[in-house]
Number of protein chains: 4
Amino acid sequence: MNLPDEKRKLIEEKAIDEFAVWGFDNASINRIVEQAQIAKGSFYQYFEDKKDLFNHLMARISEEKLNYISPVMLNPQAHNFFTLLREMYRSGLEFARQNPKAARIGNQVYKNQEHPVHKEIFKGGKDAGKAFYDQLITLAISRGEIRSDIDREFVTHILMSLNVSTFEYYFEVIKGADFDMAAVEDDVMDTVNLFIDFIKNGISVPEKTNNNHD
Amino acid sequence: MNLPDEKRKLIEEKAIDEFAVWGFDNASINRIVEQAQIAKGSFYQYFEDKKDLFNHLMARISEEKLNYISPVMLNPQAHNFFTLLREMYRSGLEFARQNPKAARIGNQVYKNQEHPVHKEIFKGGKDAGKAFYDQLITLAISRGEIRSDIDREFVTHILMSLNVSTFEYYFEVIKGADFDMAAVEDDVMDTVNLFIDFIKNGISVPEKTNNNHD
Amino acid sequence: MNLPDEKRKLIEEKAIDEFAVWGFDNASINRIVEQAQIAKGSFYQYFEDKKDLFNHLMARISEEKLNYISPVMLNPQAHNFFTLLREMYRSGLEFARQNPKAARIGNQVYKNQEHPVHKEIFKGGKDAGKAFYDQLITLAISRGEIRSDIDREFVTHILMSLNVSTFEYYFEVIKGADFDMAAVEDDVMDTVNLFIDFIKNGISVPEKTNNNHD
Amino acid sequence: MNLPDEKRKLIEEKAIDEFAVWGFDNASINRIVEQAQIAKGSFYQYFEDKKDLFNHLMARISEEKLNYISPVMLNPQAHNFFTLLREMYRSGLEFARQNPKAARIGNQVYKNQEHPVHKEIFKGGKDAGKAFYDQLITLAISRGEIRSDIDREFVTHILMSLNVSTFEYYFEVIKGADFDMAAVEDDVMDTVNLFIDFIKNGISVPEKTNNNHD
DNA sequence: CATGAATGAGCTTTCATTCAT
DNA sequence: GATGAATGAAAGCTCATTCAT
């Protein structure tokens, strides 16, 4: 992979376009090399196969995503659980707003975890995510910021699930189908606040809040 | 489609297996006809094309799903919003427990709504679902069962999203990867209750509940 | 072929539509039986195969074409060669005007005489046509109506070729692409007269007419 | 298309054979690759699809045909209309004599102009042909070489139609079905002269020439 | 006599990957 | 390191025809 940077970027760009539109299975290496104007043989000198390319892309995307992480996250002790969670959601959604195709690929992986190729890629990320949330939850419980009677594994699941849900809500409800619309940062913040408020308080009327079912 | 019932069922069964494992795009009609032991030409006398088969399957699945709907849903006026929601989730999950492959296909459709074929199929269901939830929400607000300051579109989105999330939680966390494990009805109920409680109350400690962010 | 007339006509009609649009090779028996609402097995009880259907159709078309033949042709002795020729062309073109699809099939056969199936069908008609024209030419020469130095086989060829040419001129130049335009009998006569005049006199200026080349 | 010339020629040759015998629709790429001894996948690296191959072939044929054009045509002003027409017909027929399969494909295109693929290819050639003839006719009328009372569009039509007719006459009447017979250039000239004489003078006896019908 | 399910060869096209140059 | 021709399996789908009922 000692490619000149220019060419490497071109291939990555075209590959992201292809995977975003077609998904892993239906992405065509033929189309990618055609778009990137490189020889088919060259492609197989840069990457072992389609899977290798996909792995490389996901690594690059993850890397890029790190740039969006808020400084707040660097010092979790100093902040309230919901502040931290809000920053998590916000940074993820902000990344998606500015890199919609990359985010789309990430979502494909998340949503089709049964897929053999996705499974492999996602496993690590998921476990890391779980561990991270578990730490946050432990801290939050100890501080009395979230209920101590909740099932921790369930909360982890729900927080990850709703993180993805923010993307869907943002792109479907806020931006509509119009991907070219100039969405603004405020939209992102509004979306995130809706979710955080929901996660905190649920939807029942506060006075009647209790733990009985119904 | 005046096929003998036996053969029709065989094809449907093999097709569900195929779609559940491979998804729409990668499902192979070659494999389906091979598994069902019919000639390729025969397949195309039963179904116009792959899409037609998929549509037929989805219709059958939707039909079958209706059998799981609770009698409670027939009279929404008589029940609390969260009771109704719990019954919705429970019936969906119970169907999934007993028809995991069919449910898996349904989930594929839900999760890949950008897919042209899924889009077509899902559109109607989604709109119907939205309308249904909207009615429930209107009723619930008028009764004071849920907060009146919430964004209705957001709640609709979140309720549909969490419905799917129950499947994932159930199959991943409760049943593990072991699809053949004898899961029981109680597992379903436990899962649903976790979600309903979360939707009602969120995760923050009750006393501190307020609408401020952080 | 003891079909009820109604059903026979329906099949013939749909088959003519199919052959007119798709030609022999690409005509689909599947589509014909579908259009005619008959069972595929039934089709093969009425006709041996596609070729048999086509032969039958051509016979029916030839038969129908006879109805258009002018009474003038019944008594060739009583008329000038060019009058007879004009009537030939006119009746052919009038048939085509009123039965454009049937005429189109006839033209396909004429134009693709190398085609094995067309060859077989056309052979008889062509030989009959040749014999007929030969008689007319013999008579015309003996009467001094046409030049005696001409190559009789060539004239036969040219007269048959120009007969088909009238169809093309009529449908392309006169009617344009607008097959639904209400073409009138006068159009047919005008077209025919152009051809007859050409066949009689050629296009060189009369005074300079001579038999030298150039 | 940087194929070695040898292989390119082989494929073209086999493809011409196939199209000449079977026509566009019934030509089989399977047969072509089999005959040319190349892998099916290879074919689709040389050509986009069947239509692309056909277009390529037609371009090659048109190109080759240019080699047959008489130097006389380069200076139309210097020659009599019928001389020019004779050269047109002669060169076309001479090409057909030496490239019978290619000519056959060209004729298929001409004769089945309704065919979507042929239509596309032929359109340009037809318009060019019409424009060319129109120029010749204008010049000829101004010089008094052909009658001024004729319908110019009709003459254009008839001249193009008779051009094709020369092929048929030559291959059917002169050469018979025996495509391998060593036809000679004289046959071509004889055929053309028959047509030119006919176009000039028609077939009626000269003294009686007039413009009345009958 | 009518039916329509069954058949399998055939079609065009796309694919990821290899490898000689 | 770069190239792109070569490959053949696989895809979805259509076809004319047969034959048991």
# chains A, B, ... in the order shown; residues from 1 in each chain; ligands from 1
$ residues_around --residues "region 8-19 of chain F" --least-positions-apart "3" --cutoff "8 Å" --atoms "only C-alpha atoms (C1' of nucleotides)" --output "list in words"
Ser28, Ile29 and Asp49 of chain B; Ser28 and Ile29 of chain C; Ala39, Lys40 and Gly41 of chain D; DG10, DC11 and DT14 of chain E
$ interface_residues --of "chain F" --to "chain D" --cutoff "10 Å" --atoms "only C-alpha atoms (C1' of nucleotides)" --output "PyMOL selection string"
chain F and resi 4-8
$ write_last_selection --atoms "C-alpha atoms (C1' of nucleotides)" --output "PDB file, in the first residue's frame"
ATOM      1  C1'  DG F   4      -5.864  -5.527 -19.249  1.00  0.00           C
ATOM      2  C1'  DA F   5      -6.998  -9.766 -21.775  1.00  0.00           C
ATOM      3  C1'  DA F   6      -8.710 -14.183 -20.358  1.00  0.00           C
ATOM      4  C1'  DT F   7     -11.694 -16.985 -17.857  1.00  0.00           C
ATOM      5  C1'  DG F   8     -15.893 -19.863 -16.835  1.00  0.00           C
TER       6       DG F   8
END
$ residues_around --residues "Arg90 (chain C)" --least-positions-apart "3" --cutoff "8 Å" --atoms "only C-alpha atoms (C1' of nucleotides)" --output "list in words"
Arg86, Glu87, Leu93, Glu94, Val188, Met189 and Val192 of chain C
$ residues_around --residues "Leu53 (chain B)" --least-positions-apart "4" --cutoff "10 Å" --atoms "only C-alpha atoms (C1' of nucleotides)" --output "PyMOL selection string"
chain B and resi 11-12+15-16+29+43-44+46-49+57-59
$ interface_residues --of "chain A" --to "chain B" --cutoff "8 Å" --atoms "only C-alpha atoms" --output "PyMOL selection string"
chain A and resi 25-26+80+82-83+111-112+144-147+150+154+157-158+161+165+169+193-194+196-206+209-211+213-214
$ closest_atom_pairs --of "chain E" --to "chain A" --cutoff "12 Å" --atoms "only C-alpha atoms (C1' of nucleotides)" --output "tab-separated table"
residue	atom	partner	partner_atom	distance
E:DT14	C1'	A:Ser28	CA	9.2
E:DC15	C1'	A:Ser28	CA	7.8
E:DA16	C1'	A:Ile29	CA	7.6
E:DT17	C1'	A:Asp49	CA	8.4
E:DT18	C1'	A:Gly41	CA	8.8
E:DC19	C1'	A:Gly41	CA	9.2
E:DA20	C1'	A:Gly41	CA	11.9
$ select_by_dssp --residues "region 2-207 of chain D" --states "helix (DSSP H, G or I)" --output "JSON, numbers by chain"
{"D": [5, 6, 7, 8, 9, 10, 11, 12, 13, 14, 15, 16, 17, 18, 19, 20, 21, 22, 23, 24, 25, 26, 29, 30, 31, 32, 33, 34, 35, 36, 40, 41, 42, 43, 44, 45, 46, 50, 51, 52, 53, 54, 55, 56, 57, 58, 59, 60, 61, 62, 63, 64, 65, 66, 71, 72, 73, 74, 76, 77, 78, 81, 82, 83, 84, 85, 86, 87, 88, 89, 90, 91, 92, 93, 94, 95, 96, 97, 98, 100, 101, 102, 103, 104, 105, 106, 107, 108, 109, 110, 111, 116, 117, 118, 119, 120, 121, 122, 123, 124, 125, 126, 127, 128, 129, 130, 131, 132, 133, 134, 135, 136, 137, 138, 139, 140, 141, 142, 152, 153, 154, 155, 156, 157, 158, 159, 160, 161, 162, 163, 164, 165, 166, 167, 168, 169, 170, 171, 172, 173, 174, 185, 186, 187, 188, 189, 190, 191, 192, 193, 194, 195, 196, 197, 198, 199, 200, 201, 206, 207]}
$ write_last_selection --atoms "C-alpha atoms" --output "compact mmCIF listing (two decimals), in the first residue's frame"
# COMPACT_ATOMS: atom_id res chain seq x y z
CA ASP D 5 -5.45 -7.99 -35.17
CA GLU D 6 -5.63 -11.68 -35.80
CA LYS D 7 -8.10 -12.35 -33.02
CA ARG D 8 -10.16 -9.29 -33.78
CA LYS D 9 -10.54 -10.37 -37.37
CA LEU D 10 -11.50 -13.86 -36.31
CA ILE D 11 -14.29 -12.64 -34.07
CA GLU D 12 -15.55 -10.22 -36.68
CA GLU D 13 -15.53 -12.92 -39.28
CA LYS D 14 -17.45 -15.39 -37.17
CA ALA D 15 -19.87 -12.69 -36.10
CA ILE D 16 -20.55 -11.71 -39.69
CA ASP D 17 -21.21 -15.34 -40.51
CA GLU D 18 -23.63 -15.56 -37.62
CA PHE D 19 -25.53 -12.37 -38.33
CA ALA D 20 -25.69 -13.11 -42.06
CA VAL D 21 -27.34 -16.45 -41.42
CA TRP D 22 -29.50 -15.73 -38.40
CA GLY D 23 -30.20 -12.02 -38.39
CA PHE D 24 -29.71 -9.82 -35.36
CA ASP D 25 -32.35 -11.27 -33.06
CA ASN D 26 -31.52 -14.89 -33.64
CA ILE D 29 -23.40 -15.00 -28.93
CA ASN D 30 -22.91 -18.50 -27.62
CA ARG D 31 -22.34 -19.70 -31.16
CA ILE D 32 -20.05 -16.81 -31.99
CA VAL D 33 -17.74 -17.37 -29.05
CA GLU D 34 -17.79 -21.08 -29.73
CA GLN D 35 -16.83 -20.57 -33.35
CA ALA D 36 -14.19 -17.99 -32.47
CA LYS D 40 -17.84 -15.98 -23.18
CA GLY D 41 -16.51 -13.50 -20.70
CA SER D 42 -13.88 -12.37 -23.17
CA PHE D 43 -16.50 -11.41 -25.68
CA TYR D 44 -17.99 -9.00 -23.21
CA GLN D 45 -14.65 -7.37 -22.73
CA TYR D 46 -14.41 -6.61 -26.40
CA LYS D 50 -24.80 -7.85 -28.91
CA LYS D 51 -25.91 -4.47 -30.18
CA ASP D 52 -22.44 -3.05 -29.73
CA LEU D 53 -20.96 -5.87 -31.75
CA PHE D 54 -23.53 -5.32 -34.45
CA ASN D 55 -22.85 -1.60 -34.56
CA HIS D 56 -19.14 -2.25 -34.79
CA LEU D 57 -19.68 -4.68 -37.64
CA MET D 58 -21.89 -2.27 -39.53
CA ALA D 59 -19.28 0.46 -39.14
CA ARG D 60 -16.61 -1.87 -40.49
CA ILE D 61 -18.84 -2.85 -43.38
CA SER D 62 -19.64 0.76 -44.27
CA GLU D 63 -15.96 1.55 -44.15
CA GLU D 64 -15.08 -1.32 -46.41
CA LYS D 65 -17.85 -0.35 -48.80
CA LEU D 66 -16.24 3.04 -49.33
CA PRO D 71 -13.68 7.82 -58.72
CA VAL D 72 -16.44 9.04 -61.00
CA MET D 73 -18.52 9.88 -57.92
CA LEU D 74 -15.91 12.30 -56.69
CA PRO D 76 -20.51 14.52 -60.02
CA GLN D 77 -20.57 17.74 -62.00
CA ALA D 78 -18.54 16.18 -64.76
CA PHE D 81 -26.96 11.61 -64.10
CA PHE D 82 -27.33 8.09 -65.41
CA THR D 83 -23.62 7.60 -65.48
CA LEU D 84 -23.43 8.56 -61.84
CA LEU D 85 -26.37 6.35 -60.96
CA ARG D 86 -24.82 3.45 -62.81
CA GLU D 87 -21.61 3.88 -60.87
CA MET D 88 -23.53 3.98 -57.61
CA TYR D 89 -25.31 0.77 -58.40
CA ARG D 90 -22.21 -0.89 -59.79
CA SER D 91 -20.04 -0.16 -56.79
CA GLY D 92 -22.70 -1.36 -54.39
CA LEU D 93 -23.21 -4.54 -56.30
CA GLU D 94 -19.52 -5.15 -56.76
CA PHE D 95 -19.07 -4.86 -53.01
CA ALA D 96 -21.89 -7.33 -52.53
CA ARG D 97 -20.33 -9.75 -55.00
CA GLN D 98 -17.07 -9.74 -53.14
CA PRO D 100 -21.81 -11.38 -49.93
CA LYS D 101 -22.26 -11.98 -46.21
CA ALA D 102 -21.58 -8.40 -45.27
CA ALA D 103 -23.95 -7.26 -47.99
CA ARG D 104 -26.56 -9.63 -46.69
CA ILE D 105 -26.38 -8.06 -43.25
CA GLY D 106 -26.65 -4.62 -44.80
CA ASN D 107 -29.75 -5.73 -46.64
CA GLN D 108 -31.29 -7.11 -43.47
CA VAL D 109 -30.89 -3.70 -41.94
CA TYR D 110 -32.37 -1.99 -44.96
CA LYS D 111 -35.30 -4.33 -45.21
CA PRO D 116 -35.40 -1.13 -33.18
CA VAL D 117 -31.73 -2.01 -33.55
CA HIS D 118 -31.72 -1.68 -37.32
CA LYS D 119 -33.63 1.56 -37.11
CA GLU D 120 -30.96 3.18 -35.04
CA ILE D 121 -28.17 2.08 -37.35
CA PHE D 122 -29.96 2.76 -40.56
CA LYS D 123 -31.42 6.14 -39.79
CA GLY D 124 -28.26 8.09 -40.44
CA GLY D 125 -27.41 6.19 -43.58
CA LYS D 126 -30.88 6.64 -44.97
CA ASP D 127 -30.96 10.35 -44.42
CA ALA D 128 -27.52 10.70 -45.95
CA GLY D 129 -28.65 8.59 -48.89
CA LYS D 130 -31.75 10.69 -49.37
CA ALA D 131 -29.77 13.91 -49.28
CA PHE D 132 -27.28 12.51 -51.76
CA TYR D 133 -29.93 11.42 -54.23
CA ASP D 134 -31.72 14.71 -53.85
CA GLN D 135 -28.61 16.57 -54.92
CA LEU D 136 -28.17 14.33 -57.92
CA ILE D 137 -31.79 14.78 -58.89
CA THR D 138 -31.66 18.55 -58.59
CA LEU D 139 -28.59 18.67 -60.78
CA ALA D 140 -30.12 16.30 -63.31
CA ILE D 141 -33.32 18.28 -63.61
CA SER D 142 -31.45 21.55 -64.05
CA ARG D 152 -38.70 14.13 -56.44
CA GLU D 153 -39.48 12.29 -53.24
CA PHE D 154 -40.88 9.45 -55.24
CA VAL D 155 -37.79 9.25 -57.41
CA THR D 156 -35.56 9.18 -54.37
CA HIS D 157 -37.60 6.36 -52.96
CA ILE D 158 -37.55 4.38 -56.18
CA LEU D 159 -33.84 4.79 -56.76
CA MET D 160 -33.00 3.52 -53.28
CA SER D 161 -35.46 0.71 -53.60
CA LEU D 162 -34.10 -0.39 -56.99
CA ASN D 163 -30.58 -0.26 -55.68
CA VAL D 164 -31.48 -3.02 -53.25
CA SER D 165 -33.35 -4.73 -56.02
CA THR D 166 -30.12 -5.08 -57.98
CA PHE D 167 -28.70 -7.23 -55.19
CA GLU D 168 -31.68 -9.52 -55.24
CA TYR D 169 -31.70 -9.81 -58.98
CA TYR D 170 -28.02 -10.50 -59.07
CA PHE D 171 -27.98 -13.13 -56.34
CA GLU D 172 -31.22 -14.82 -57.24
CA VAL D 173 -31.36 -14.65 -60.98
CA ILE D 174 -27.77 -14.35 -62.08
CA GLU D 185 -17.51 -8.60 -62.86
CA ASP D 186 -19.35 -8.72 -66.18
CA ASP D 187 -22.39 -10.16 -64.45
CA VAL D 188 -22.45 -7.17 -62.20
CA MET D 189 -22.25 -4.75 -65.11
CA ASP D 190 -24.96 -6.56 -67.05
CA THR D 191 -27.28 -6.45 -64.08
CA VAL D 192 -26.68 -2.78 -63.49
CA ASN D 193 -27.24 -1.90 -67.13
CA LEU D 194 -30.60 -3.63 -67.10
CA PHE D 195 -31.68 -1.49 -64.17
CA ILE D 196 -30.33 1.77 -65.53
CA ASP D 197 -31.98 1.26 -68.86
CA PHE D 198 -35.24 0.52 -67.14
CA ILE D 199 -35.00 3.57 -64.92
CA LYS D 200 -34.29 5.77 -67.91
CA ASN D 201 -36.88 4.55 -70.32
CA PRO D 206 -40.92 4.48 -77.03
CA GLU D 207 -43.10 5.95 -79.78
$ residues_around --residues "DA20 (chain F)" --least-positions-apart "5" --cutoff "12 Å" --atoms "only C-alpha atoms (C1' of nucleotides)" --output "MDAnalysis selection string"
(chainID C and resid 41) or (chainID E and resid 3:6)
